[in-house]
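Source file: entry36.cif. Holds: mmCIF, C-alpha atoms.
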```
data_my_file
#
loop_
_atom_site.label_atom_id
_atom_site.label_comp_id
_atom_site.auth_asym_id
_atom_site.auth_seq_id
_atom_site.Cartn_x
_atom_site.Cartn_y
_atom_site.Cartn_z
CA MET A 950 256.59 175.31 110.71
CA THR A 951 253.82 176.78 108.60
CA VAL A 952 250.26 176.41 109.70
CA LYS A 953 247.89 175.82 106.78
CA GLU A 954 244.57 177.59 106.83
CA ILE A 955 241.70 175.19 106.75
CA PRO A 956 238.69 176.61 104.82
CA CYS A 957 235.65 176.94 107.00
CA PRO A 958 232.81 174.75 105.71
CA TYR A 959 230.27 177.36 106.77
CA ASN A 960 230.24 180.81 105.23
CA PRO A 961 227.51 182.98 106.76
CA GLU A 962 227.63 185.58 104.00
CA LYS A 963 227.40 182.99 101.24
CA GLN A 964 224.65 181.13 103.09
CA ASN A 965 222.63 184.31 103.52
CA THR A 966 223.05 185.15 99.84
CA ASN A 967 221.85 181.71 98.75
CA SER A 968 218.91 181.85 101.14
CA MET A 969 217.91 185.25 99.78
CA LYS A 970 218.11 184.02 96.19
CA GLN A 971 215.97 181.02 97.04
CA ALA A 972 213.43 183.25 98.78
CA ILE A 973 213.24 185.58 95.78
CA VAL A 974 212.77 182.66 93.38
CA TYR A 975 210.05 181.25 95.63
CA VAL A 976 208.20 184.58 95.88
CA LEU A 977 208.40 185.15 92.12
CA GLY A 978 207.12 181.64 91.48
CA LEU A 979 204.27 182.16 93.93
CA MET A 980 203.34 185.47 92.29
CA ALA A 981 203.33 183.84 88.85
CA LEU A 982 201.09 181.06 90.15
CA VAL A 983 198.64 183.50 91.75
CA THR A 984 198.57 185.65 88.60
CA SER A 985 197.96 182.58 86.45
CA CYS A 986 195.12 181.39 88.70
CA LYS A 987 193.60 184.88 88.73
CA LYS A 988 193.78 185.09 84.94
CA GLU A 989 192.22 181.66 84.54
CA LYS A 990 189.46 182.55 87.00
CA ASN A 991 188.70 185.82 85.19
CA GLU A 992 188.66 184.08 81.82
CA ASN A 993 186.10 181.57 83.11
CA LYS A 994 183.93 184.23 84.72
CA ALA A 995 180.68 185.34 83.07
CA VAL A 996 180.61 188.96 81.92
CA ASP A 997 177.59 191.18 82.60
CA TYR A 998 175.90 193.12 79.82
CA THR A 999 173.33 195.75 80.84
CA VAL A 1000 170.19 196.07 78.71
CA GLU A 1001 169.71 199.71 77.74
CA SER A 1002 166.07 200.59 78.40
CA ASN A 1003 166.08 203.38 75.81
CA ALA A 1004 167.20 200.92 73.11
CA ALA A 1005 164.94 197.96 73.90
CA GLN A 1006 161.27 197.23 73.41
CA VAL A 1007 158.63 194.58 72.83
CA GLU A 1008 156.24 195.20 69.95
CA TRP A 1009 152.86 193.43 70.13
CA LYS A 1010 150.01 192.72 67.74
CA GLY A 1011 146.59 191.42 68.80
CA TYR A 1012 143.84 190.25 66.43
CA LEU A 1013 140.05 190.39 66.38
CA ALA A 1014 137.93 187.69 64.74
CA ASN A 1015 137.55 189.72 61.54
CA ASP A 1016 141.38 189.95 61.21
CA TYR A 1017 141.41 193.57 62.36
CA PHE A 1018 144.38 194.10 64.66
CA ASN A 1019 145.85 196.59 67.08
CA THR A 1020 149.57 197.16 67.51
CA GLY A 1021 151.70 198.71 70.18
CA THR A 1022 154.84 198.49 72.28
CA PHE A 1023 156.12 197.90 75.79
CA SER A 1024 159.41 199.26 77.05
CA VAL A 1025 162.01 197.04 78.72
CA SER A 1026 163.48 198.14 82.04
CA GLU A 1027 167.22 198.06 82.65
CA SER A 1028 168.36 194.52 83.39
CA THR A 1029 171.37 192.22 83.00
CA LEU A 1030 172.42 189.47 80.59
CA LYS A 1031 175.40 187.24 81.34
CA VAL A 1032 177.87 186.21 78.61
CA LYS A 1033 180.59 183.55 78.96
CA ASP A 1034 183.12 182.51 76.32
CA GLY A 1035 181.39 184.79 73.81
CA LYS A 1036 177.97 183.15 74.30
CA LEU A 1037 174.82 184.19 76.15
CA GLN A 1038 174.48 182.11 79.31
CA SER A 1039 171.67 183.56 81.39
CA GLY A 1040 169.90 186.73 82.41
CA SER A 1041 166.49 188.34 82.64
CA PHE A 1042 164.53 191.40 81.66
CA THR A 1043 161.44 193.12 83.01
CA ILE A 1044 158.55 194.72 81.13
CA PRO A 1045 156.73 197.54 82.98
CA ILE A 1046 153.04 197.20 82.04
CA VAL A 1047 152.44 200.92 82.52
CA SER A 1048 154.70 201.51 79.49
CA LEU A 1049 152.06 199.98 77.17
CA ASP A 1050 151.58 202.21 74.14
CA VAL A 1051 149.04 201.74 71.32
CA LEU A 1052 150.49 202.72 67.95
CA ASN A 1053 147.68 202.33 65.43
CA LEU A 1054 145.13 204.65 67.08
CA GLU A 1055 145.08 208.30 68.03
CA GLY A 1056 143.27 210.62 70.41
CA ASP A 1057 140.41 209.28 72.53
CA LEU A 1058 140.41 205.85 70.84
CA LYS A 1059 144.10 205.40 71.69
CA ALA A 1060 143.60 206.49 75.31
CA GLN A 1061 140.52 204.25 75.73
CA LEU A 1062 142.26 201.13 74.41
CA GLU A 1063 145.38 201.73 76.52
CA ALA A 1064 143.25 202.13 79.65
CA HIS A 1065 141.24 198.99 78.81
CA LEU A 1066 144.38 196.90 78.20
CA LYS A 1067 145.85 198.02 81.54
CA SER A 1068 142.60 197.19 83.35
CA SER A 1069 141.66 193.92 85.07
CA ASP A 1070 140.15 192.70 81.77
CA PHE A 1071 143.69 192.27 80.42
CA PHE A 1072 147.02 193.06 82.13
CA ASN A 1073 145.60 194.26 85.47
CA ALA A 1074 148.47 196.71 85.88
CA LEU A 1075 147.48 197.84 89.38
CA VAL A 1076 147.88 194.31 90.77
CA HIS A 1077 150.59 193.04 88.39
CA PRO A 1078 152.65 196.08 87.31
CA GLU A 1079 155.39 194.03 85.64
CA ALA A 1080 155.97 191.04 83.40
CA ARG A 1081 159.32 189.25 83.59
CA PHE A 1082 161.36 186.85 81.48
CA ASP A 1083 164.11 184.72 83.07
CA ILE A 1084 166.42 182.79 80.75
CA THR A 1085 166.75 179.12 81.72
CA GLY A 1086 168.41 177.69 78.61
CA VAL A 1087 170.39 178.76 75.54
CA SER A 1088 171.28 176.47 72.64
CA PRO A 1089 172.37 176.79 68.99
CA TYR A 1090 169.65 177.18 66.37
CA GLN A 1091 169.87 176.72 62.62
CA HIS A 1092 167.41 178.90 60.72
CA THR A 1093 165.72 176.91 57.95
CA GLY A 1094 163.56 179.74 56.65
CA ALA A 1095 160.54 178.85 58.77
CA GLU A 1096 157.76 181.43 58.68
CA GLY A 1097 157.51 183.74 61.66
CA VAL A 1098 161.19 183.39 62.64
CA VAL A 1099 163.44 186.45 62.64
CA ASP A 1100 166.03 186.55 59.83
CA GLY A 1101 169.44 185.31 60.89
CA ALA A 1102 168.13 183.43 63.93
CA ASN A 1103 171.06 181.53 65.44
CA THR A 1104 170.04 180.81 69.03
CA LEU A 1105 167.12 179.04 70.71
CA ILE A 1106 166.25 180.77 73.97
CA THR A 1107 164.15 179.09 76.67
CA GLY A 1108 162.90 180.87 79.76
CA ASN A 1109 160.19 181.42 82.31
CA PHE A 1110 157.75 184.17 81.37
CA THR A 1111 155.81 185.54 84.33
CA MET A 1112 152.70 187.63 83.74
CA LEU A 1113 149.52 188.16 85.81
CA GLY A 1114 151.06 186.08 88.59
CA THR A 1115 151.47 183.01 86.38
CA THR A 1116 154.78 181.60 85.14
CA LYS A 1117 155.06 179.53 81.96
CA SER A 1118 158.11 178.19 80.14
CA ILE A 1119 158.43 179.38 76.54
CA SER A 1120 161.07 178.95 73.82
CA PHE A 1121 161.77 181.02 70.72
CA PRO A 1122 164.50 181.38 68.06
CA ALA A 1123 166.47 184.61 68.26
CA ARG A 1124 169.24 186.37 66.41
CA LEU A 1125 172.10 187.20 68.78
CA GLU A 1126 175.05 189.34 67.75
CA LEU A 1127 177.95 189.92 70.13
CA THR A 1128 180.30 192.59 68.81
CA GLY A 1129 182.97 194.02 71.06
CA GLU A 1130 181.23 195.80 73.91
CA THR A 1131 177.63 195.32 72.72
CA LEU A 1132 175.06 192.54 72.54
CA GLU A 1133 172.09 192.73 70.17
CA ALA A 1134 169.11 190.37 70.39
CA GLU A 1135 166.01 190.16 68.21
CA ALA A 1136 163.20 187.60 68.11
CA LEU A 1137 159.75 187.06 66.62
CA PHE A 1138 157.35 184.71 68.39
CA SER A 1139 153.76 184.34 69.58
CA ILE A 1140 152.16 183.52 72.92
CA ASN A 1141 148.66 182.35 73.85
CA ARG A 1142 147.25 184.91 76.28
CA LEU A 1143 144.87 182.29 77.70
CA ASP A 1144 147.89 180.47 79.20
CA TRP A 1145 148.26 183.40 81.61
CA GLY A 1146 144.56 183.68 82.40
CA MET A 1147 143.86 186.63 80.10
CA ASN A 1148 140.43 185.40 79.04
CA TYR A 1149 138.58 188.59 78.11
CA ALA A 1150 136.50 188.19 74.89
CA SER A 1151 138.10 184.80 74.26
CA ASP A 1152 134.82 183.03 73.44
CA PRO A 1153 134.28 182.83 69.65
CA ALA A 1154 130.57 183.26 70.36
CA ALA A 1155 131.33 186.95 70.89
CA GLY A 1156 131.32 187.27 67.10
CA GLU A 1157 133.05 190.37 65.79
CA HIS A 1158 134.08 191.29 69.32
CA HIS A 1159 135.98 188.04 69.77
CA ILE A 1160 139.69 188.61 70.39
CA LYS A 1161 141.93 185.80 69.18
CA PRO A 1162 144.10 184.16 71.82
CA MET A 1163 147.44 184.38 69.99
CA VAL A 1164 149.46 187.57 70.32
CA ASP A 1165 152.48 188.26 68.09
CA LEU A 1166 155.58 189.68 69.79
CA HIS A 1167 158.72 191.28 68.39
CA LEU A 1168 161.52 191.52 70.96
CA GLN A 1169 164.48 193.85 70.46
CA LEU A 1170 167.26 194.24 73.03
CA HIS A 1171 170.49 196.23 73.07
CA ALA A 1172 172.96 195.62 75.90
CA GLU A 1173 176.32 197.18 76.78
CA LYS A 1174 179.21 195.44 78.51
CA GLU A 1175 179.61 196.62 82.12
#
```
For the structure just supplied, provide its representation as structure tokens.
Amino acid sequence: MTVKEIPCPYNPEKQNTNSMKQAIVYVLGLMALVTSCKKEKNENKAVDYTVESNAAQVEWKGYLANDYFNTGTFSVSESTLKVKDGKLQSGSFTIPIVSLDVLNLEGDLKAQLEAHLKSSDFFNALVHPEARFDITGVSPYQHTGAEGVVDGANTLITGNFTMLGTTKSISFPARLELTGETLEAEALFSINRLDWGMNYASDPAAGEHHIKPMVDLHLQLHAEKE
């Protein structure tokens, strides 16, 4: 009589092999999911661009009643702009008042005007050493050739400008260019100094010594991707 071998329904080696394969598939799938989520998160994350202080400035021009004007610059301290999906989203920059430089005068006249502008009659640099601009809104802008707008303006920037302890919301058209690792920004606009309490010689009764309230500004920024 021959005894037939009955196959065992349970094979430990085969079971272990299958379990290991399933575990490997599970781990690989989990890794792919995590990598995908990480990639999606990074793609949706805003990228920081640092404003280079040696390649940024604010030019200013102030007018007397007889249309005589003085011109000068402020530097811009290192600060950060945030870009998402190739578009500027937010950011800020700071202007150190001590950096004020008069360009159209020389010698004693230059030194006297710079000291006067930094005094309590104007910027009051000892009490308010900085001005600051914080971006609160960015939207597309179509340049129609309006006077006083920088060529190629493509973005309307809105933000809070703080000076002399007062904060006011301002908006201006700007030309933004994002190329690879760099961001360039340029804008022409004017502000009314009286809005920030800078009232020196603002009365037209001062005659030829009257200083007009509107000040022209030319902003130029260069930022590098961090």
As a PDB file with C-alpha atoms, in the frame of the given file, please: the residues near Val1025 (chain A) (cut-off 7 Å, all atoms listed in the file, same-chain neighbours under 4 positions excluded).
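Okay, around_19.pdb is ready:
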```
ATOM      1  CA  SER A1002     166.070 200.590  78.400  1.00  0.00           C
ATOM      2  CA  ALA A1005     164.940 197.960  73.900  1.00  0.00           C
ATOM      3  CA  GLN A1006     161.270 197.230  73.410  1.00  0.00           C
ATOM      4  CA  PHE A1042     164.530 191.400  81.660  1.00  0.00           C
ATOM      5  CA  THR A1043     161.440 193.120  83.010  1.00  0.00           C
ATOM      6  CA  ILE A1044     158.550 194.720  81.130  1.00  0.00           C
ATOM      7  CA  PRO A1045     156.730 197.540  82.980  1.00  0.00           C
TER       8      PRO A1045
END
```
Checklist entry - Excluding same-chain residues fewer than 2 positions from Ala995 (chain A), what lies within 8 Å of it counting only C-alpha atoms, as a PyMOL selection string? => result chain A and resi 993+997+1031-1034+1038
Item to check | Residue IDs satisfying the PyMOL selection byres ((chain A and resi 1053) around 12), as a PyMOL selection string | outcome: chain A and resi 1009-1011+1017-1022+1050-1052+1054-1056+1058-1060+1062-1063
Item to check | Output check: residues returned by the PyMOL selection byres ((chain A and resi 1174) around 7), as a list in words | outcome: Asp997, Tyr998, Thr999, Glu1130, Thr1131, Ala1172, Glu1173 and Glu1175 of chain A
Please produce, as CSV, a per-residue contact table for region 1102-1157 of chain A versus region 1071-1080 of chain A (criterion: any atom at most 9 Å away, all atoms listed in the file considered), showing the nearest atom pair and its distance in Å to one decimal, sorted by chain then residue number.
```
residue,atom,partner,partner_atom,distance
A:Phe1110,CA,A:Ala1080,CA,7.4
A:Thr1111,CA,A:Ala1080,CA,5.6
A:Met1112,CA,A:Ala1080,CA,4.7
A:Leu1113,CA,A:His1077,CA,5.6
A:Gly1114,CA,A:His1077,CA,7.0
A:Gly1146,CA,A:Phe1071,CA,8.9
A:Met1147,CA,A:Phe1071,CA,5.7
A:Asn1148,CA,A:Phe1071,CA,7.7
A:Tyr1149,CA,A:Phe1071,CA,6.7
```
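Atom to atom, CA of Pro1122 (chain A) and CA of Ala1136 (chain A) stand 6.4 Å apart.
Shortest separation to Asp1152 (chain A) among A:Phe1082, A:Leu1013, A:Ile1106, A:Leu1066 occurs at residue A:Leu1013, atoms counted being only C-alpha atoms.
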Checklist outcome for this item: CA of Asp1100 (chain A) sits from CA of Ile1046 (chain A) at a separation of 27.8 Å
Output, as lines of an AutoDock Vina configuration file, the centre and edge lengths in Å (one decimal) of the axis-aligned box that contains all listed atoms of region 996-1012 of chain A with 3 Å of margin on each side.
```
center_x = 162.2
center_y = 196.2
center_z = 74.5
size_x = 42.8
size_y = 20.4
size_z = 22.2
```
Checklist entry - On this structure, which residues satisfy the PyMOL selection byres ((chain A and resi 1171) around 6), written as a ChimeraX atom specification? => result /A:1000-1001,1004-1005,1132-1133,1170,1172
Can those selected residues be exported to a file as a CSV table (one decimal), in the coordinates of the input so that it contains C-alpha atoms?
```csv
chain,number,residue,atom,x,y,z
A,1000,VAL,CA,170.2,196.1,78.7
A,1001,GLU,CA,169.7,199.7,77.7
A,1004,ALA,CA,167.2,200.9,73.1
A,1005,ALA,CA,164.9,198.0,73.9
A,1132,LEU,CA,175.1,192.5,72.5
A,1133,GLU,CA,172.1,192.7,70.2
A,1170,LEU,CA,167.3,194.2,73.0
A,1172,ALA,CA,173.0,195.6,75.9
```
Checklist outcome for this item: note - CA of Gln1091 (chain A) and CA of Thr1116 (chain A) are separated by 27.5 Å
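When only C-alpha atoms are used to compute distances to Thr1029 (chain A), the closest of the residues A:Asp1057, A:Glu1008, A:Asp1083, A:Asp1016 turns out to be A:Asp1083.
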Item to check | Thr1107 (chain A) environment, 8 Å, only C-alpha atoms, sequence neighbours closer than 4 positions dropped, as a list in words | outcome: Ile1084, Thr1085, Gly1086, Val1087, Ser1118, Ile1119, Ser1120 and Phe1121 of chain A
Keeping just C-alpha atoms, export region 1018-1159 of chain A of this structure as a compact mmCIF listing (two decimals), in the first residue's frame.
```txt
# COMPACT_ATOMS: atom_id res chain seq x y z
CA PHE A 1018 14.46 121.67 -7.21
CA ASN A 1019 16.93 119.60 -5.25
CA THR A 1020 17.68 115.97 -5.99
CA GLY A 1021 19.25 113.16 -4.05
CA THR A 1022 19.11 109.51 -3.06
CA PHE A 1023 18.46 107.16 -0.17
CA SER A 1024 19.95 103.70 0.05
CA VAL A 1025 17.81 100.61 0.70
CA SER A 1026 18.86 98.21 3.44
CA GLU A 1027 18.96 94.47 2.83
CA SER A 1028 15.46 93.02 2.98
CA THR A 1029 13.34 90.20 1.55
CA LEU A 1030 10.74 89.86 -1.22
CA LYS A 1031 8.65 86.71 -1.57
CA VAL A 1032 7.86 85.20 -4.98
CA LYS A 1033 5.34 82.42 -5.66
CA ASP A 1034 4.54 80.82 -9.01
CA GLY A 1035 6.81 83.34 -10.71
CA LYS A 1036 4.98 86.36 -9.26
CA LEU A 1037 5.78 88.80 -6.47
CA GLN A 1038 3.56 88.03 -3.47
CA SER A 1039 4.77 90.09 -0.53
CA GLY A 1040 7.81 91.57 1.16
CA SER A 1041 9.22 94.79 2.54
CA PHE A 1042 12.21 97.07 2.39
CA THR A 1043 13.71 99.64 4.74
CA ILE A 1044 15.22 103.04 3.96
CA PRO A 1045 17.86 104.29 6.43
CA ILE A 1046 17.36 108.06 6.69
CA VAL A 1047 21.02 108.63 7.52
CA SER A 1048 21.85 107.47 3.97
CA LEU A 1049 20.26 110.65 2.53
CA ASP A 1050 22.58 112.15 -0.08
CA VAL A 1051 22.09 115.44 -1.97
CA LEU A 1052 23.27 115.17 -5.57
CA ASN A 1053 22.82 118.63 -7.09
CA LEU A 1054 24.93 120.61 -4.60
CA GLU A 1055 28.55 120.49 -3.48
CA GLY A 1056 30.67 121.54 -0.54
CA ASP A 1057 29.10 123.52 2.30
CA LEU A 1058 25.74 123.92 0.52
CA LYS A 1059 25.46 120.14 0.14
CA ALA A 1060 26.38 119.51 3.78
CA GLN A 1061 23.97 122.20 5.03
CA LEU A 1062 21.00 120.86 3.07
CA GLU A 1063 21.68 117.26 4.11
CA ALA A 1064 21.85 118.29 7.77
CA HIS A 1065 18.64 120.34 7.44
CA LEU A 1066 16.75 117.47 5.76
CA LYS A 1067 17.82 115.07 8.52
CA SER A 1068 16.74 117.53 11.22
CA SER A 1069 13.37 117.76 12.97
CA ASP A 1070 12.19 120.19 10.26
CA PHE A 1071 12.01 117.25 7.84
CA PHE A 1072 12.91 113.58 8.45
CA ASN A 1073 13.90 113.91 12.13
CA ALA A 1074 16.49 111.15 11.74
CA LEU A 1075 17.42 111.03 15.43
CA VAL A 1076 13.87 110.07 16.43
CA HIS A 1077 12.84 108.21 13.25
CA PRO A 1078 16.02 106.72 11.74
CA GLU A 1079 14.19 104.57 9.18
CA ALA A 1080 11.32 104.62 6.72
CA ARG A 1081 9.71 101.32 5.75
CA PHE A 1082 7.50 99.96 2.98
CA ASP A 1083 5.47 96.76 3.51
CA ILE A 1084 3.75 95.24 0.48
CA THR A 1085 0.07 94.47 1.10
CA GLY A 1086 -1.15 93.83 -2.46
CA VAL A 1087 0.14 92.98 -5.93
CA SER A 1088 -1.98 92.97 -9.08
CA PRO A 1089 -1.47 93.10 -12.86
CA TYR A 1090 -1.13 96.53 -14.47
CA GLN A 1091 -1.43 97.50 -18.11
CA HIS A 1092 0.69 100.52 -19.02
CA THR A 1093 -1.29 102.92 -21.21
CA GLY A 1094 1.47 105.49 -21.62
CA ALA A 1095 0.34 107.64 -18.70
CA GLU A 1096 2.77 110.40 -17.77
CA GLY A 1097 4.94 109.78 -14.75
CA VAL A 1098 4.76 105.97 -15.00
CA VAL A 1099 7.93 103.96 -15.55
CA ASP A 1100 8.28 102.41 -19.02
CA GLY A 1101 7.18 98.79 -19.16
CA ALA A 1102 5.12 98.99 -15.97
CA ASN A 1103 3.32 95.66 -15.56
CA THR A 1104 2.41 95.46 -11.87
CA LEU A 1105 0.43 97.62 -9.45
CA ILE A 1106 1.98 97.48 -6.00
CA THR A 1107 0.10 98.54 -2.87
CA GLY A 1108 1.69 98.81 0.54
CA ASN A 1109 2.00 100.59 3.85
CA PHE A 1110 4.64 103.31 3.87
CA THR A 1111 5.79 104.26 7.36
CA MET A 1112 7.73 107.48 7.90
CA LEU A 1113 8.01 109.85 10.89
CA GLY A 1114 5.91 107.42 12.93
CA THR A 1115 2.95 107.62 10.54
CA THR A 1116 1.77 104.82 8.25
CA LYS A 1117 -0.16 105.49 5.04
CA SER A 1118 -1.27 103.12 2.28
CA ILE A 1119 0.08 104.02 -1.17
CA SER A 1120 -0.10 102.36 -4.61
CA PHE A 1121 2.12 102.76 -7.65
CA PRO A 1122 2.72 101.03 -11.02
CA ALA A 1123 6.04 99.23 -11.28
CA ARG A 1124 8.02 97.26 -13.81
CA LEU A 1125 8.91 93.84 -12.43
CA GLU A 1126 11.24 91.45 -14.21
CA LEU A 1127 11.89 87.97 -12.84
CA THR A 1128 14.73 86.26 -14.70
CA GLY A 1129 16.22 83.07 -13.34
CA GLU A 1130 17.79 83.89 -9.99
CA THR A 1131 17.16 87.66 -10.01
CA LEU A 1132 14.25 90.04 -9.52
CA GLU A 1133 14.37 93.61 -10.81
CA ALA A 1134 11.85 96.28 -9.79
CA GLU A 1135 11.56 99.90 -10.89
CA ALA A 1136 8.86 102.49 -10.23
CA LEU A 1137 8.19 106.21 -10.58
CA PHE A 1138 5.65 107.83 -8.27
CA SER A 1139 5.04 110.84 -6.02
CA ILE A 1140 4.01 111.27 -2.40
CA ASN A 1141 2.62 114.24 -0.48
CA ARG A 1142 5.01 114.91 2.40
CA LEU A 1143 2.21 116.60 4.36
CA ASP A 1144 0.50 113.19 4.74
CA TRP A 1145 3.35 112.19 7.05
CA GLY A 1146 3.40 115.46 8.99
CA MET A 1147 6.40 116.96 7.19
CA ASN A 1148 5.03 120.51 7.20
CA TYR A 1149 8.14 122.68 7.07
CA ALA A 1150 7.76 125.65 4.66
CA SER A 1151 4.48 124.21 3.38
CA ASP A 1152 2.57 127.51 3.53
CA PRO A 1153 2.49 129.22 0.11
CA ALA A 1154 2.69 132.52 1.97
CA ALA A 1155 6.39 131.78 2.43
CA GLY A 1156 6.86 133.01 -1.14
CA GLU A 1157 10.09 131.90 -2.76
CA HIS A 1158 10.93 129.84 0.31
CA HIS A 1159 7.77 127.77 -0.04
```
